[in-house]
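Structure, as structure tokens:
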There are 2 protein chains.
Amino acid sequence: MGNARRVRETGTLGKLMGLLDLVALSDYPMRFTDILSLSDQPRGTLHRQLSHLVEEGLLETDRDGRYLPGIRLLSLASRSWARNEFRAIAEPHLRLLQERTGETVHLGVLRGIEVIYLDKVEGRQSVRMYSQIGNASPAYCTGVGKAALSVLDDATIEASHAGLQFHAYTEHTHRGVADLLADIAAIRVRGCAFDREEHESGICCVAAPICSDDGNMLAGVSVTGPAYRVTPEKLEEWAPLVRVAAASIMQDMHSRLGPKR
Amino acid sequence: MGNARRVRETGTLGKLMGLLDLVALSDYPMRFTDILSLSDQPRGTLHRQLSHLVEEGLLETDRDGRYLPGIRLLSLASRSWARNEFRAIAEPHLRLLQERTGETVHLGVLRGIEVIYLDKVEGRQSVRMYSQIGNASPAYCTGVGKAALSVLDDATIEASHAGLQFHAYTEHTHRGVADLLADIAAIRVRGCAFDREEHESGICCVAAPICSDDGNMLAGVSVTGPAYRVTPEKLEEWAPLVRVAAASIMQDMHSRLGPKR
DNA sequence: GCTAAAAGTTCCATTATTTGGAACCAAATT
DNA sequence: AATTTGGTTCCAAATAATGGAACTTTTAGC
């Protein structure tokens, strides 16, 4: 996945986090040599760096000495999630939206050109929550991502996506910035974004943007479901509900976080 | 919360992770000065360390400049969770146990003297999954924790809990190592642990230990519910079911992970 | 089973980063 | 306007990271 070489190096921490990313984003446990070939570091250095990460519980080794992301990450993240005020404020609105539509509702925030899912409310079927929470996806092919981007102006979007390789997840995925900007122009007019199988075949969604009053945080709510249930008509029908949910979240946010500190 | 001063310092990383813990474990956003008074570092140093953590997304600042755990942690954790083989193997057994008992089922691993919850399966009532996943609790007052400890010998348990301040969460919480060891002796005979409102008033559970064949990983499964539904008789009734679940997980683990690599 | 190659680990003089005190700036408070 | 408090920047000194090479262990080939 086209990861632009990190520029801002945060000293020692930056190097170690880059390494952590390398291991955490891989789909399989990595042997020392695998990592060595991907990170251009001398063996001695790499070895000590990995040892430190393991000692801190950020990485773990399996019985064959291969490296995996560590459980310490889970426990740190659970604190981060539990204490996220935005998520807490949004939660009741997500539930309401779920009840009104009967489909899965997502809440995600924009980080650069990625969306990170903060919460998910499913219907009655049993839940594999973590499957989505914390997950990062490209903004350009997700409803939540495009909705959030639509709050920014074209120049900013263009700059952030310049040189990015648009991965063709499906035949409907935008192929470049031009496609994306055209879609986003429509989203601005409509007040909500559609994702018609752009990220995953057979999955559609409607999403509306959320932004904090200081404009520092961009996010989105969406209703998602399988294409056979979530028809184009349904998407249109739910659009106002999603917009209302987004508006309510923003209102709550401004009244609860807004007044000074 | 009696946190013993960290000894093994993993160089720069260790210091920064200590700081991250400090902020992540606090219940509220912390101002620069709050952190300064808790970490015995000079201002200049602390300032740069926090900047680095923020730049890496491990911490964030709110609109008032106060520090919070960052979302990057969530996305790293989601990879860690998604790729945890043990959790994946255990999942079907947790579901089965949930269906048989109708109460909430937990899976947790022992890390030192804490239990970290890896998964949770609830009944039909709507789910706040993350509320438990990733959460760390003391081993001495949780069913899963005591079950996992029971695999170790007394000397090891005594050594790890020496000098630890046992927090009295309820009137039933063990007050010291002696109480704990007596309970654990019974758990070894019985093959499962009970938690009768030791961690939280009104909450009871039965748990059975799980250990990998190399003995490097200790874990536990439990069935938990409110005391008015989960009576002592129910606990006894479910004990065999929980033991069976633990045994099945171990068997699957050994057959899928066991044979060499 | 023996040997060779590959994988993984340790060591230590050199190099780069972190440290911490102090000076500096900015915002609240009197 | 002056003072206190909270936060930021700077730079010589202290500390930790680096990386090449030597060393040990494991794996693969014969």
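Please note that chains go A, B, ... in the order of the structure tokens, that every chain numbers its residues from 1, and that ligands are numbered from 1 in the order shown.
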
I need the chain D residues near chain B as a tab-separated table (two decimals) with N, CA and C atoms (P, O5', C5', C4', C3', O3' and C1' of nucleotides), in the first residue's frame; criterion: at most 9 Å, counting only C-alpha atoms (C1' of nucleotides).
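Contents of the output file iface11.tsv:
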chain	number	residue	atom	x	y	z
D	6	DG	P	0.16	27.21	36.94
D	6	DG	O5'	0.28	27.33	35.37
D	6	DG	C5'	-0.83	27.81	34.61
D	6	DG	C4'	-0.43	27.83	33.15
D	6	DG	C3'	0.16	26.50	32.67
D	6	DG	O3'	-0.44	26.18	31.42
D	6	DG	C1'	1.67	28.26	32.22
D	7	DG	P	-0.08	24.82	30.69
D	7	DG	O5'	1.01	25.32	29.64
D	7	DG	C5'	0.61	26.19	28.59
D	7	DG	C4'	1.83	26.68	27.85
D	7	DG	C3'	2.63	25.59	27.11
D	7	DG	O3'	2.56	25.90	25.72
D	7	DG	C1'	4.03	27.14	28.24
D	8	DT	P	3.27	24.87	24.70
D	8	DT	O5'	4.63	25.60	24.34
D	8	DT	C5'	4.58	26.94	23.83
D	8	DT	C4'	5.99	27.45	23.58
D	8	DT	C3'	6.89	26.51	22.76
D	8	DT	O3'	7.29	27.23	21.60
D	8	DT	C1'	8.03	27.35	24.66
D	9	DT	P	8.21	26.53	20.50
D	9	DT	O5'	9.65	27.07	20.90
D	9	DT	C5'	9.89	28.47	20.89
D	9	DT	C4'	11.33	28.74	21.31
D	9	DT	C3'	12.39	27.96	20.53
D	9	DT	O3'	13.35	28.90	20.06
D	9	DT	C1'	12.77	27.76	22.85
D	16	DA	P	21.07	6.80	29.42
D	16	DA	O5'	20.58	6.55	27.93
D	16	DA	C5'	19.75	7.50	27.27
D	16	DA	C4'	19.80	7.26	25.79
D	16	DA	C3'	19.68	5.79	25.41
D	16	DA	O3'	18.75	5.70	24.35
D	16	DA	C1'	21.63	6.73	24.43

Distance filter 6 Å, only C-alpha atoms, chain B against chain A, as a PyMOL selection string = chain B and resi 10+52+69+73-75+77-78+80+134-135

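Between CA of Gly225 in chain B and CA of Val206 in chain B the separation is 9.5 Å.
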
Both chains have the same sequence, so match all Cα atoms in order, fit chain B onto chain A by least squares, and return it as a PDB file with C-alpha atoms, in the first residue's frame.
ATOM      1  CA  MET B   1      -0.181  -0.013  -0.207  1.00  0.00           C
ATOM      2  CA  GLY B   2       1.539   3.191  -1.280  1.00  0.00           C
ATOM      3  CA  ASN B   3       2.973   4.457   1.985  1.00  0.00           C
ATOM      4  CA  ALA B   4       4.873   7.650   1.368  1.00  0.00           C
ATOM      5  CA  ARG B   5       8.191   7.650   3.158  1.00  0.00           C
ATOM      6  CA  ARG B   6       7.789   9.369   6.485  1.00  0.00           C
ATOM      7  CA  VAL B   7       9.491  12.739   6.503  1.00  0.00           C
ATOM      8  CA  ARG B   8       9.030  14.319   9.910  1.00  0.00           C
ATOM      9  CA  GLU B   9      11.155  12.046  12.031  1.00  0.00           C
ATOM     10  CA  THR B  10      10.397  12.389  15.658  1.00  0.00           C
ATOM     11  CA  GLY B  11      13.862  11.359  16.649  1.00  0.00           C
ATOM     12  CA  THR B  12      14.142   7.953  18.225  1.00  0.00           C
ATOM     13  CA  LEU B  13      10.409   7.634  18.779  1.00  0.00           C
ATOM     14  CA  GLY B  14       9.658   8.238  15.120  1.00  0.00           C
ATOM     15  CA  LYS B  15      11.988   5.479  14.019  1.00  0.00           C
ATOM     16  CA  LEU B  16      10.537   3.027  16.499  1.00  0.00           C
ATOM     17  CA  MET B  17       6.959   3.876  15.588  1.00  0.00           C
ATOM     18  CA  GLY B  18       7.788   3.409  11.929  1.00  0.00           C
ATOM     19  CA  LEU B  19       9.029  -0.028  12.802  1.00  0.00           C
ATOM     20  CA  LEU B  20       5.934  -0.747  14.861  1.00  0.00           C
ATOM     21  CA  ASP B  21       3.778   0.258  11.903  1.00  0.00           C
ATOM     22  CA  LEU B  22       5.746  -2.003   9.657  1.00  0.00           C
ATOM     23  CA  VAL B  23       5.057  -5.011  11.842  1.00  0.00           C
ATOM     24  CA  ALA B  24       1.514  -4.065  12.832  1.00  0.00           C
ATOM     25  CA  LEU B  25       0.389  -3.413   9.273  1.00  0.00           C
ATOM     26  CA  SER B  26       1.768  -6.651   7.947  1.00  0.00           C
ATOM     27  CA  ASP B  27      -0.775  -9.418   7.635  1.00  0.00           C
ATOM     28  CA  TYR B  28       1.462 -12.078   9.096  1.00  0.00           C
ATOM     29  CA  PRO B  29       4.002 -12.469  11.877  1.00  0.00           C
ATOM     30  CA  MET B  30       7.387 -11.315  10.635  1.00  0.00           C
ATOM     31  CA  ARG B  31      10.749 -12.910  11.160  1.00  0.00           C
ATOM     32  CA  PHE B  32      13.754 -10.810  12.021  1.00  0.00           C
ATOM     33  CA  THR B  33      15.058 -11.118   8.490  1.00  0.00           C
ATOM     34  CA  ASP B  34      11.725 -10.107   6.927  1.00  0.00           C
ATOM     35  CA  ILE B  35      11.802  -6.887   8.882  1.00  0.00           C
ATOM     36  CA  LEU B  36      15.473  -6.384   8.137  1.00  0.00           C
ATOM     37  CA  SER B  37      14.822  -6.461   4.402  1.00  0.00           C
ATOM     38  CA  LEU B  38      11.956  -3.950   4.655  1.00  0.00           C
ATOM     39  CA  SER B  39      13.571  -1.503   7.045  1.00  0.00           C
ATOM     40  CA  ASP B  40      16.863  -0.187   5.799  1.00  0.00           C
ATOM     41  CA  GLN B  41      18.674  -0.551   9.081  1.00  0.00           C
ATOM     42  CA  PRO B  42      21.812  -2.417  10.045  1.00  0.00           C
ATOM     43  CA  ARG B  43      21.235  -5.673  11.884  1.00  0.00           C
ATOM     44  CA  GLY B  44      22.592  -4.573  15.230  1.00  0.00           C
ATOM     45  CA  THR B  45      20.416  -1.493  15.282  1.00  0.00           C
ATOM     46  CA  LEU B  46      17.275  -3.292  14.214  1.00  0.00           C
ATOM     47  CA  HIS B  47      17.816  -5.961  16.775  1.00  0.00           C
ATOM     48  CA  ARG B  48      18.039  -3.512  19.636  1.00  0.00           C
ATOM     49  CA  GLN B  49      15.042  -1.542  18.407  1.00  0.00           C
ATOM     50  CA  LEU B  50      12.894  -4.652  18.236  1.00  0.00           C
ATOM     51  CA  SER B  51      14.064  -5.711  21.692  1.00  0.00           C
ATOM     52  CA  HIS B  52      12.985  -2.392  23.098  1.00  0.00           C
ATOM     53  CA  LEU B  53       9.574  -2.600  21.461  1.00  0.00           C
ATOM     54  CA  VAL B  54       9.110  -6.109  22.813  1.00  0.00           C
ATOM     55  CA  GLU B  55      10.220  -5.106  26.297  1.00  0.00           C
ATOM     56  CA  GLU B  56       7.653  -2.356  26.288  1.00  0.00           C
ATOM     57  CA  GLY B  57       4.928  -4.755  25.167  1.00  0.00           C
ATOM     58  CA  LEU B  58       4.274  -2.952  21.917  1.00  0.00           C
ATOM     59  CA  LEU B  59       5.452  -5.997  20.016  1.00  0.00           C
ATOM     60  CA  GLU B  60       5.453  -9.645  20.980  1.00  0.00           C
ATOM     61  CA  THR B  61       7.235 -12.677  19.663  1.00  0.00           C
ATOM     62  CA  ASP B  62       5.521 -15.953  18.965  1.00  0.00           C
ATOM     63  CA  ARG B  63       7.041 -19.334  19.700  1.00  0.00           C
ATOM     64  CA  ASP B  64       9.112 -19.168  16.536  1.00  0.00           C
ATOM     65  CA  GLY B  65      10.535 -15.786  17.407  1.00  0.00           C
ATOM     66  CA  ARG B  66       8.427 -13.981  14.841  1.00  0.00           C
ATOM     67  CA  TYR B  67       7.196 -10.512  15.673  1.00  0.00           C
ATOM     68  CA  LEU B  68       3.540  -9.539  16.198  1.00  0.00           C
ATOM     69  CA  PRO B  69       1.774  -6.448  17.520  1.00  0.00           C
ATOM     70  CA  GLY B  70       1.575  -6.638  21.295  1.00  0.00           C
ATOM     71  CA  ILE B  71      -1.320  -6.663  23.703  1.00  0.00           C
ATOM     72  CA  ARG B  72      -0.128  -3.498  25.414  1.00  0.00           C
ATOM     73  CA  LEU B  73      -1.538  -1.707  22.397  1.00  0.00           C
ATOM     74  CA  LEU B  74      -4.982  -3.060  23.201  1.00  0.00           C
ATOM     75  CA  SER B  75      -4.984  -1.828  26.721  1.00  0.00           C
ATOM     76  CA  LEU B  76      -3.714   1.604  25.754  1.00  0.00           C
ATOM     77  CA  ALA B  77      -6.349   1.791  23.045  1.00  0.00           C
ATOM     78  CA  SER B  78      -9.148   0.845  25.363  1.00  0.00           C
ATOM     79  CA  ARG B  79      -8.308   3.883  27.472  1.00  0.00           C
ATOM     80  CA  SER B  80      -8.183   6.047  24.405  1.00  0.00           C
ATOM     81  CA  TRP B  81     -11.600   4.815  23.293  1.00  0.00           C
ATOM     82  CA  ALA B  82     -13.248   4.934  26.693  1.00  0.00           C
ATOM     83  CA  ARG B  83     -12.189   8.531  27.153  1.00  0.00           C
ATOM     84  CA  ASN B  84     -13.105   9.831  23.736  1.00  0.00           C
ATOM     85  CA  GLU B  85     -15.675  12.521  24.389  1.00  0.00           C
ATOM     86  CA  PHE B  86     -16.719  12.870  20.801  1.00  0.00           C
ATOM     87  CA  ARG B  87     -17.601   9.190  20.594  1.00  0.00           C
ATOM     88  CA  ALA B  88     -19.578   9.370  23.823  1.00  0.00           C
ATOM     89  CA  ILE B  89     -21.562  12.352  22.615  1.00  0.00           C
ATOM     90  CA  ALA B  90     -22.309  10.722  19.270  1.00  0.00           C
ATOM     91  CA  GLU B  91     -23.359   7.361  20.638  1.00  0.00           C
ATOM     92  CA  PRO B  92     -27.061   7.978  21.330  1.00  0.00           C
ATOM     93  CA  HIS B  93     -27.457   9.519  17.894  1.00  0.00           C
ATOM     94  CA  LEU B  94     -25.845   6.507  16.286  1.00  0.00           C
ATOM     95  CA  ARG B  95     -28.267   4.216  18.106  1.00  0.00           C
ATOM     96  CA  LEU B  96     -31.229   6.258  16.992  1.00  0.00           C
ATOM     97  CA  LEU B  97     -30.055   6.204  13.413  1.00  0.00           C
ATOM     98  CA  GLN B  98     -29.549   2.471  13.623  1.00  0.00           C
ATOM     99  CA  GLU B  99     -33.096   1.953  14.861  1.00  0.00           C
ATOM    100  CA  ARG B 100     -34.577   4.187  12.190  1.00  0.00           C
ATOM    101  CA  THR B 101     -32.814   2.472   9.324  1.00  0.00           C
ATOM    102  CA  GLY B 102     -32.249  -1.022  10.643  1.00  0.00           C
ATOM    103  CA  GLU B 103     -28.787  -1.078   9.094  1.00  0.00           C
ATOM    104  CA  THR B 104     -25.281  -0.738  10.510  1.00  0.00           C
ATOM    105  CA  VAL B 105     -24.217   2.755  11.560  1.00  0.00           C
ATOM    106  CA  HIS B 106     -20.593   3.911  11.619  1.00  0.00           C
ATOM    107  CA  LEU B 107     -18.827   6.881  13.121  1.00  0.00           C
ATOM    108  CA  GLY B 108     -15.408   7.774  11.746  1.00  0.00           C
ATOM    109  CA  VAL B 109     -12.914  10.610  11.965  1.00  0.00           C
ATOM    110  CA  LEU B 110     -10.661  11.916   9.244  1.00  0.00           C
ATOM    111  CA  ARG B 111      -6.917  11.689   9.896  1.00  0.00           C
ATOM    112  CA  GLY B 112      -5.054  13.076   6.946  1.00  0.00           C
ATOM    113  CA  ILE B 113      -6.333  11.069   4.019  1.00  0.00           C
ATOM    114  CA  GLU B 114      -7.613   8.171   6.075  1.00  0.00           C
ATOM    115  CA  VAL B 115     -10.768   7.528   8.007  1.00  0.00           C
ATOM    116  CA  ILE B 116     -10.481   5.853  11.374  1.00  0.00           C
ATOM    117  CA  TYR B 117     -13.656   4.245  12.612  1.00  0.00           C
ATOM    118  CA  LEU B 118     -14.484   5.219  16.156  1.00  0.00           C
ATOM    119  CA  ASP B 119     -17.728   3.373  16.666  1.00  0.00           C
ATOM    120  CA  LYS B 120     -20.202   1.036  15.075  1.00  0.00           C
ATOM    121  CA  VAL B 121     -23.773   0.136  15.974  1.00  0.00           C
ATOM    122  CA  GLU B 122     -25.225  -2.981  14.446  1.00  0.00           C
ATOM    123  CA  GLY B 123     -28.709  -4.398  14.489  1.00  0.00           C
ATOM    124  CA  ARG B 124     -29.712  -7.593  16.174  1.00  0.00           C
ATOM    125  CA  GLN B 125     -27.343  -9.892  14.406  1.00  0.00           C
ATOM    126  CA  SER B 126     -24.465 -10.860  16.648  1.00  0.00           C
ATOM    127  CA  VAL B 127     -21.643  -8.436  16.746  1.00  0.00           C
ATOM    128  CA  ARG B 128     -17.950  -8.470  15.853  1.00  0.00           C
ATOM    129  CA  MET B 129     -17.440  -4.953  16.865  1.00  0.00           C
ATOM    130  CA  TYR B 130     -13.719  -4.623  16.846  1.00  0.00           C
ATOM    131  CA  SER B 131     -13.762  -5.766  13.258  1.00  0.00           C
ATOM    132  CA  GLN B 132     -14.361  -2.152  12.376  1.00  0.00           C
ATOM    133  CA  ILE B 133     -13.429   0.009  15.340  1.00  0.00           C
ATOM    134  CA  GLY B 134      -9.946   1.404  15.011  1.00  0.00           C
ATOM    135  CA  ASN B 135      -9.790   0.299  11.414  1.00  0.00           C
ATOM    136  CA  ALA B 136      -8.241   2.791   8.999  1.00  0.00           C
ATOM    137  CA  SER B 137      -9.500   3.100   5.414  1.00  0.00           C
ATOM    138  CA  PRO B 138      -8.705   5.554   2.618  1.00  0.00           C
ATOM    139  CA  ALA B 139     -11.000   8.583   2.644  1.00  0.00           C
ATOM    140  CA  TYR B 140     -11.483   8.616  -1.132  1.00  0.00           C
ATOM    141  CA  CYS B 141     -13.471   5.397  -1.285  1.00  0.00           C
ATOM    142  CA  THR B 142     -15.551   5.477   1.885  1.00  0.00           C
ATOM    143  CA  GLY B 143     -18.780   7.337   2.556  1.00  0.00           C
ATOM    144  CA  VAL B 144     -17.564   8.738   5.854  1.00  0.00           C
ATOM    145  CA  GLY B 145     -14.262   9.754   4.292  1.00  0.00           C
ATOM    146  CA  LYS B 146     -15.774  11.546   1.318  1.00  0.00           C
ATOM    147  CA  ALA B 147     -18.332  13.267   3.533  1.00  0.00           C
ATOM    148  CA  ALA B 148     -15.586  14.548   5.818  1.00  0.00           C
ATOM    149  CA  LEU B 149     -13.420  15.667   2.886  1.00  0.00           C
ATOM    150  CA  SER B 150     -16.349  17.613   1.434  1.00  0.00           C
ATOM    151  CA  VAL B 151     -15.969  20.157   4.232  1.00  0.00           C
ATOM    152  CA  LEU B 152     -12.497  21.052   2.984  1.00  0.00           C
ATOM    153  CA  ASP B 153     -11.854  23.112  -0.111  1.00  0.00           C
ATOM    154  CA  ASP B 154     -10.671  21.632  -3.385  1.00  0.00           C
ATOM    155  CA  ALA B 155      -7.133  22.950  -3.069  1.00  0.00           C
ATOM    156  CA  THR B 156      -6.614  21.251   0.279  1.00  0.00           C
ATOM    157  CA  ILE B 157      -8.031  17.963  -0.943  1.00  0.00           C
ATOM    158  CA  GLU B 158      -5.945  18.136  -4.093  1.00  0.00           C
ATOM    159  CA  ALA B 159      -2.798  18.879  -2.122  1.00  0.00           C
ATOM    160  CA  SER B 160      -3.294  16.035   0.328  1.00  0.00           C
ATOM    161  CA  HIS B 161      -4.070  13.522  -2.406  1.00  0.00           C
ATOM    162  CA  ALA B 162      -1.398  14.680  -4.840  1.00  0.00           C
ATOM    163  CA  GLY B 163       0.714  11.800  -6.008  1.00  0.00           C
ATOM    164  CA  LEU B 164      -1.362   9.271  -4.143  1.00  0.00           C
ATOM    165  CA  GLN B 165      -1.916   5.967  -5.894  1.00  0.00           C
ATOM    166  CA  PHE B 166      -5.680   5.374  -5.861  1.00  0.00           C
ATOM    167  CA  HIS B 167      -6.164   1.683  -5.226  1.00  0.00           C
ATOM    168  CA  ALA B 168      -8.978   0.174  -7.327  1.00  0.00           C
ATOM    169  CA  TYR B 169     -10.817  -1.790  -4.651  1.00  0.00           C
ATOM    170  CA  THR B 170     -13.780  -2.285  -7.002  1.00  0.00           C
ATOM    171  CA  GLU B 171     -14.705  -1.159 -10.493  1.00  0.00           C
ATOM    172  CA  HIS B 172     -16.519   1.814  -8.945  1.00  0.00           C
ATOM    173  CA  THR B 173     -13.591   3.149  -6.930  1.00  0.00           C
ATOM    174  CA  HIS B 174     -12.458   6.631  -7.955  1.00  0.00           C
ATOM    175  CA  ARG B 175      -9.312   6.408 -10.041  1.00  0.00           C
ATOM    176  CA  GLY B 176      -7.808   9.776  -9.216  1.00  0.00           C
ATOM    177  CA  VAL B 177      -8.210  13.205  -7.667  1.00  0.00           C
ATOM    178  CA  ALA B 178     -10.325  14.492 -10.570  1.00  0.00           C
ATOM    179  CA  ASP B 179     -13.005  11.812 -10.062  1.00  0.00           C
ATOM    180  CA  LEU B 180     -12.919  12.407  -6.343  1.00  0.00           C
ATOM    181  CA  LEU B 181     -13.325  16.179  -6.640  1.00  0.00           C
ATOM    182  CA  ALA B 182     -16.273  15.809  -9.039  1.00  0.00           C
ATOM    183  CA  ASP B 183     -17.975  13.480  -6.563  1.00  0.00           C
ATOM    184  CA  ILE B 184     -17.216  15.845  -3.705  1.00  0.00           C
ATOM    185  CA  ALA B 185     -18.733  18.811  -5.540  1.00  0.00           C
ATOM    186  CA  ALA B 186     -21.987  16.843  -5.708  1.00  0.00           C
ATOM    187  CA  ILE B 187     -21.662  15.852  -2.046  1.00  0.00           C
ATOM    188  CA  ARG B 188     -21.376  19.516  -1.038  1.00  0.00           C
ATOM    189  CA  VAL B 189     -24.610  20.352  -2.852  1.00  0.00           C
ATOM    190  CA  ARG B 190     -26.435  17.293  -1.584  1.00  0.00           C
ATOM    191  CA  GLY B 191     -25.139  17.488   1.990  1.00  0.00           C
ATOM    192  CA  CYS B 192     -24.272  13.813   2.037  1.00  0.00           C
ATOM    193  CA  ALA B 193     -22.037  11.277   0.368  1.00  0.00           C
ATOM    194  CA  PHE B 194     -22.950   8.008  -1.283  1.00  0.00           C
ATOM    195  CA  ASP B 195     -20.695   5.022  -1.526  1.00  0.00           C
ATOM    196  CA  ARG B 196     -22.041   2.690  -4.173  1.00  0.00           C
ATOM    197  CA  GLU B 197     -19.708  -0.279  -3.902  1.00  0.00           C
ATOM    198  CA  GLU B 198     -16.593   1.874  -4.139  1.00  0.00           C
ATOM    199  CA  HIS B 199     -14.703   0.226  -1.336  1.00  0.00           C
ATOM    200  CA  GLU B 200     -16.179  -3.230  -1.220  1.00  0.00           C
ATOM    201  CA  SER B 201     -18.309  -4.998  -3.783  1.00  0.00           C
ATOM    202  CA  GLY B 202     -21.893  -5.420  -2.658  1.00  0.00           C
ATOM    203  CA  ILE B 203     -21.653  -2.775   0.068  1.00  0.00           C
ATOM    204  CA  CYS B 204     -23.327   0.644  -0.157  1.00  0.00           C
ATOM    205  CA  CYS B 205     -23.656   3.530   2.229  1.00  0.00           C
ATOM    206  CA  VAL B 206     -24.879   7.098   2.827  1.00  0.00           C
ATOM    207  CA  ALA B 207     -22.811   9.393   4.988  1.00  0.00           C
ATOM    208  CA  ALA B 208     -22.994  12.956   6.278  1.00  0.00           C
ATOM    209  CA  PRO B 209     -20.143  15.175   7.468  1.00  0.00           C
ATOM    210  CA  ILE B 210     -19.539  16.352  11.013  1.00  0.00           C
ATOM    211  CA  CYS B 211     -17.131  19.097  11.927  1.00  0.00           C
ATOM    212  CA  SER B 212     -16.186  20.717  15.169  1.00  0.00           C
ATOM    213  CA  ASP B 213     -16.805  24.441  15.435  1.00  0.00           C
ATOM    214  CA  ASP B 214     -13.096  25.175  15.377  1.00  0.00           C
ATOM    215  CA  GLY B 215     -12.807  23.085  12.227  1.00  0.00           C
ATOM    216  CA  ASN B 216      -9.967  21.049  13.669  1.00  0.00           C
ATOM    217  CA  MET B 217     -11.852  17.782  13.658  1.00  0.00           C
ATOM    218  CA  LEU B 218     -13.603  16.363  10.631  1.00  0.00           C
ATOM    219  CA  ALA B 219     -15.722  13.271  10.917  1.00  0.00           C
ATOM    220  CA  GLY B 220     -18.754  11.526   9.507  1.00  0.00           C
ATOM    221  CA  VAL B 221     -21.687   9.244  10.262  1.00  0.00           C
ATOM    222  CA  SER B 222     -22.894   6.620   7.854  1.00  0.00           C
ATOM    223  CA  VAL B 223     -25.512   3.939   7.315  1.00  0.00           C
ATOM    224  CA  THR B 224     -24.103   0.899   5.576  1.00  0.00           C
ATOM    225  CA  GLY B 225     -25.555  -2.310   4.240  1.00  0.00           C
ATOM    226  CA  PRO B 226     -25.529  -4.909   1.495  1.00  0.00           C
ATOM    227  CA  ALA B 227     -26.467  -3.614  -1.946  1.00  0.00           C
ATOM    228  CA  TYR B 228     -29.456  -5.955  -2.271  1.00  0.00           C
ATOM    229  CA  ARG B 229     -31.102  -4.337   0.735  1.00  0.00           C
ATOM    230  CA  VAL B 230     -29.607  -0.893   0.453  1.00  0.00           C
ATOM    231  CA  THR B 231     -30.946   0.145  -2.958  1.00  0.00           C
ATOM    232  CA  PRO B 232     -30.388   3.584  -4.516  1.00  0.00           C
ATOM    233  CA  GLU B 233     -33.922   4.495  -3.378  1.00  0.00           C
ATOM    234  CA  LYS B 234     -33.106   3.531   0.196  1.00  0.00           C
ATOM    235  CA  LEU B 235     -29.977   5.631   0.074  1.00  0.00           C
ATOM    236  CA  GLU B 236     -32.032   8.642  -0.982  1.00  0.00           C
ATOM    237  CA  GLU B 237     -34.633   7.868   1.651  1.00  0.00           C
ATOM    238  CA  TRP B 238     -32.055   7.675   4.423  1.00  0.00           C
ATOM    239  CA  ALA B 239     -30.071  10.711   3.336  1.00  0.00           C
ATOM    240  CA  PRO B 240     -32.159  13.135   5.423  1.00  0.00           C
ATOM    241  CA  LEU B 241     -31.953  10.856   8.466  1.00  0.00           C
ATOM    242  CA  VAL B 242     -28.181  10.727   8.209  1.00  0.00           C
ATOM    243  CA  ARG B 243     -27.962  14.485   7.802  1.00  0.00           C
ATOM    244  CA  VAL B 244     -30.147  14.956  10.846  1.00  0.00           C
ATOM    245  CA  ALA B 245     -27.976  12.598  12.879  1.00  0.00           C
ATOM    246  CA  ALA B 246     -24.841  14.506  11.858  1.00  0.00           C
ATOM    247  CA  ALA B 247     -26.484  17.826  12.688  1.00  0.00           C
ATOM    248  CA  SER B 248     -27.616  16.586  16.101  1.00  0.00           C
ATOM    249  CA  ILE B 249     -24.162  15.313  16.936  1.00  0.00           C
ATOM    250  CA  MET B 250     -22.667  18.661  15.976  1.00  0.00           C
ATOM    251  CA  GLN B 251     -25.220  20.513  18.037  1.00  0.00           C
ATOM    252  CA  ASP B 252     -24.577  18.347  21.118  1.00  0.00           C
ATOM    253  CA  MET B 253     -20.883  18.725  20.610  1.00  0.00           C
ATOM    254  CA  HIS B 254     -21.067  22.476  20.428  1.00  0.00           C
ATOM    255  CA  SER B 255     -23.280  22.786  23.455  1.00  0.00           C
ATOM    256  CA  ARG B 256     -21.229  20.369  25.555  1.00  0.00           C
ATOM    257  CA  LEU B 257     -17.731  21.176  24.413  1.00  0.00           C
ATOM    258  CA  GLY B 258     -18.296  24.548  22.878  1.00  0.00           C
ATOM    259  CA  PRO B 259     -18.630  27.018  25.742  1.00  0.00           C
ATOM    260  CA  LYS B 260     -14.999  27.966  26.331  1.00  0.00           C
ATOM    261  CA  ARG B 261     -13.373  25.115  28.249  1.00  0.00           C
TER     262      ARG B 261
END

For chain C, report every residue with an atom at most 12 Å from chain B (counting only C-alpha atoms (C1' of nucleotides)), formatted as a list in words.
-> DT17, DT18, DT19, DG20, DG21, DA22 and DA23 of chain C

Extract the full set of alpha helix (DSSP H) residues from range 12-58 of chain A according to DSSP on the backbone, and format it as number ranges by chain.
-> A: 12-25, 32-38, 43-55

Enumerate, as an MDAnalysis selection string, the complete set of residues in range 73-185 of chain B that a backbone-based DSSP assignment places in strand (DSSP E or B).
-> chainID B and resid 104:111 114:121 136:138

I need the residues from that last selection saved to file as a compact mmCIF listing (two decimals), in the first residue's frame (with C-alpha atoms), if you can.
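The result, written out as result_6.txt:
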# COMPACT_ATOMS: atom_id res chain seq x y z
CA THR B 104 -21.80 -12.76 29.20
CA VAL B 105 -18.63 -14.68 28.37
CA HIS B 106 -15.14 -13.19 28.67
CA LEU B 107 -11.74 -14.24 27.43
CA GLY B 108 -8.71 -12.73 29.14
CA VAL B 109 -4.96 -13.25 29.24
CA LEU B 110 -2.65 -12.86 32.19
CA ARG B 111 0.08 -10.22 31.87
CA GLU B 114 -3.08 -8.14 35.49
CA VAL B 115 -5.71 -9.64 33.27
CA ILE B 116 -6.28 -8.08 29.88
CA TYR B 117 -9.61 -8.89 28.31
CA LEU B 118 -9.28 -10.05 24.74
CA ASP B 119 -12.88 -10.75 23.89
CA LYS B 120 -16.41 -10.64 25.17
CA VAL B 121 -19.61 -12.26 23.93
CA ALA B 136 -6.80 -4.38 32.35
CA SER B 137 -7.87 -5.55 35.81
CA PRO B 138 -5.92 -6.98 38.75
